[in-house]
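**Student:** One structure follows; several queries about it will come next.
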Amino acid sequence: MPLPESPTKPKPRARAVVATAYLSLFMVSADNSIINTAVPRISASLRTGIPDVQIAIDAYMLVFASSLIIAGSFVDRMGARRAYATGISVFTAASLLGAFAPSVAALVLSRAGMGVGAAFIVPSIFGMFAQELTNDGRRRVLALWPAVVGLGVAIGPVLGGLLLTHFWYGSIFLLNVPVGLVALVGTATLIRPSTPLASARRPDPRGAVLLLAGVALFAAAVIFAADGRVPAWLRLGLGAVGLLTLIGYTVHERRTDRPLFDLGYFRERRFAGAVVAMSGLFFALFGTVFLAGQFTQYGLGWSPLQAGAGLLPLAIGLTTASLTCARVTARLGAKTVVAAGLALGALGCAFCATAALGLHYPLLASGLLSCGLGMGYSVGPALTLIVTSLRAADAGVGSSVNAMFQQVCGAGGVAVMGLVFTAGYGRHIASVPDLPAAARSIGDGHHLLAHGTPRSIAAFTDGISSGLLAAWVTGAVVAGIAVIAVLLLLPATTTNTQNTNTTAAKTASGPSGARKVNA
């Protein structure tokens with residue numbers, strides 16, 4: 001059945017709940033990108049190499065992605081308030097450890113802890129909205145979700161650059177502590193305890209282990225796909241074992257009468273189409289944010305702070321679209337708006353590819369603005385479709401499935417588009433005679449070529465341009481394929497989704513509401 005209609009809440013209290021939830025969501029999103037500006041400083045402070053620091057960066061995304069569905073299952077059993085408080089507490093404590101980490105190992109541990117905390121925070125927010133807001137209120141609030149996420153991703157590097165200008169590297173993690181304390185106070189004073197809707201559900205430890213191992217292995221293969229330090233056979237092996245483990249999880253879930261997540265939801269066109277839309281969009285968006293940093297720093301020679309500021313058109317597009325998304329969706333329908341948003345994302349990648357030809361920032365800004373508008377218009381309606389496709393008892397784990405796809409596909413966008421970028425650069429450098437072989441690596445090429453003779457500088461910038469062009473074309477193609485998939489999957493009308501049972505609910509629940517084997 002659809003999510004239950006919550007009683008009317010006092011407006012000031014409801015707004016305070018939303019503000020508390022979105023403050024923590026901003027923190028979680030910013031932590032995905034803020035550390036990128038601190039890599040040289042961390043490397044120098046801990047007296048270690050940049051590759052070791054990169055492991056700490058990847059640890060957050062890897063643990064976050066692989067823990068989401070498990071955490072979502074706990075959210076459904078514990079209740080949103082307790083799960084949210086647990087996630088905030090873990091995230092804040094891990095941030096405190098990261099701020100004063102004495103070694104790389106401690107930093108990796110702290111980043112992994114932040115990933116665990118974030119995995120509890122995100123599905124808990126959906127649960128709190130289901131408890132504290134009406135259906136109409138949820139639609140309006142979820143329209144702001146992409147702006148909060150995008151602002152975190154876009155403003156994170158700027159904020160990190162400002163902090164690093166005046167303080168030590170740990171300040172970027174210490175910033176999370178007061179935010180976490182505010183969120184904990186908000187949890188205690190604003191959010192009322194609730195009876196977990198899935199308290200009677202028996203845990204599925206075998207499914208949990210299979211899913212956690214499968215997602216972790218597959219996500220690791222995606223994250224390290226472009227990492228030359230990891231042997232190719234190991235990357236392929238991680239991906240293959242992860243995929244086989246996920247297949248084993250699927251087989252197990254189809255046979256058990258108490259599945260961790262009801263796979264029957266993927267037969268519901270609204271749920272499947274919205275997840276595909278979010279996955280394609282995050283692939284292109286995360287890849288674009290990563291490439292924009294390479295464009296401005298390697299192509300234009302900007303500082304990390306300038307490069308972070310260069311992402312602001314993305315935030316402007318996100319904010320503009322998010323503020324108007326609810327009205328536009330009410331007029332045009334979710335399917336049209338989601339597809340149009342994805343098309344804007346594809347167009348943004350095309351603008352960025354055009355900018356790469358001559359390394360012109362104004363064209364890049366136009367592409368970032370278009371990507372921001374696309375995300376702002378797509379994510380809110382897609383989230384609403386996902387949430388209203390779920391039974392109330394599955395709100396936590398179901399929203400975690402969507403968030404997991406976002407994280408894995410976002411990491412895939414960075415890995416695949418990054419791999420195309422480095423390959424395109426390397427091919428161009430290899431085609432220029434009398435250049436050192438080491439220059440085929442972008443980092444070494446920047447050191448060897450970017451400050452040399454006019455010929456070497458031209459070779460380097462042309463290589464950067466070639467790689468960026470190929471990478472953004474890849475992003476545009478993926479987003480375009482997602483548009484086609486959304487047009488095929490999403491039903492033409494979704495206006496009555498709040499009042500009708502979904503196919504997934506019908507196939508997974510009997511007359512008494514008991515869980516059945518999902519086929």
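Chain labels A, B, ... are given in the sequence in which chains occur in the structure tokens; within each chain residues are numbered consecutively from 1, and ligands are likewise numbered from 1 in the order shown.
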Pick out the residues sitting within 8 Å of stretch 204-209 of chain A, and hand them over as a ChimeraX atom specification; count only C-alpha atoms, and ignore anything fewer than 2 positions along from it in its own chain.
**Tutor:** /A:70,202,211-213,249,252-253,258-260
**Student:** What's around stretch 27-38 of chain A at 7 Å? Count only C-alpha atoms, leave out sequence neighbours fewer than 3 positions away in its own chain, and write the answer as JSON, numbers by chain.
**Tutor:** {"A": [23, 24, 41, 42, 118, 149, 152, 153, 156, 157, 160, 161, 169, 176, 304]}
**Student:** Could you work out how far atom CA of A:Ile386 lies from atom CA of A:Met278, giving the answer in Å with one decimal?
**Tutor:**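 Computed distance, atom CA of A:Met278 to atom CA of A:Ile386, equals 10.3 Å.
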**Student:** Atom CA of A:Met417 and atom CA of A:Pro454 are how many Å apart?
**Tutor:**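 Interatomic distance here is 28.5 Å.
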**Student:** Could you go through stretch 250-376 of chain A and tell me which residues DSSP, when run on the backbone, assigns to alpha helix (DSSP H), listing them as number ranges by chain?
**Tutor:** A: 250-255, 269-294, 304-309, 312-332, 334-358, 361-376
**Student:** Given only C-alpha atoms, how would the per-residue table for stretch 220-292 of chain A near stretch 469-483 of chain A read, listing every residue at most 8 Å away with its closest atom pair and distance in Å to one decimal, sorted by chain and number, as a tab-separated table?
**Tutor:**
residue	atom	partner	partner_atom	distance
A:Val276	CA	A:Ala482	CA	6.6
A:Ala277	CA	A:Ala482	CA	5.9
A:Gly280	CA	A:Ala479	CA	5.4
A:Leu281	CA	A:Ala479	CA	6.3
A:Phe283	CA	A:Gly475	CA	7.4
A:Ala284	CA	A:Gly475	CA	5.0
A:Gly287	CA	A:Gly475	CA	7.3
A:Thr288	CA	A:Trp472	CA	7.3
**Student:** Choose the residue, out of A:Gly113, A:Gly463, A:Gly170, A:Gly412, that has the smallest atom-to-atom separation from A:Leu359; count only C-alpha atoms.
**Tutor:** A:Gly463
**Student:** Please compute the atom CA of A:Val416-atom CA of A:Phe173 distance, one decimal, in Å.
**Tutor:**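 Separation of atom CA of A:Val416 and atom CA of A:Phe173: 28.3 Å.
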**Student:** Using only C-alpha atoms, which protein or nucleic acid residues come within 10 Å of A:Tyr361? Drop anything in the same chain fewer than 5 positions from it, and give the result as a VMD selection string.
**Tutor:** chain A and resid 292 295 to 296 299 to 300 310 352 355 to 356 366 to 367
**Student:** For each of A:Leu144, A:Ile191, A:Val251, A:Ala334, take the minimum atom-to-atom distance to A:Glu132, counting only C-alpha atoms, then give the residue where this is smallest.
**Tutor:**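 Counting only C-alpha atoms, the residue closest to A:Glu132 is A:Ile191.
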**Student:** I'd like to know which of A:Tyr377, A:Phe129, A:Phe351, A:Phe120 is closest to A:Leu68, using only C-alpha atoms.
**Tutor:**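 Checking each of A:Tyr377, A:Phe129, A:Phe351, A:Phe120 against A:Leu68, counting only C-alpha atoms, the winner is A:Phe120.
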**Student:** Between A:Met114, A:Leu487, A:Ala219, A:Leu468, which is the closest to A:Thr336 once you count only C-alpha atoms?
**Tutor:**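 Among A:Met114, A:Leu487, A:Ala219, A:Leu468, it is A:Leu487 that comes nearest to A:Thr336.
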**Student:** Quick one: residues within 12 Å of A:Arg13, only C-alpha atoms counted, chain neighbours fewer than 6 positions away excluded, as a PyMOL selection string?
**Tutor:** chain A and resi 19-20+132-133+186-187+189-192
**Student:** Which residue out of A:Ala83, A:Leu344, A:Ala411, A:Leu419 has the minimum interatomic distance to A:Tyr60 when only C-alpha atoms are used?
**Tutor:**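 For A:Tyr60, the nearest of the given residues is A:Ala411.
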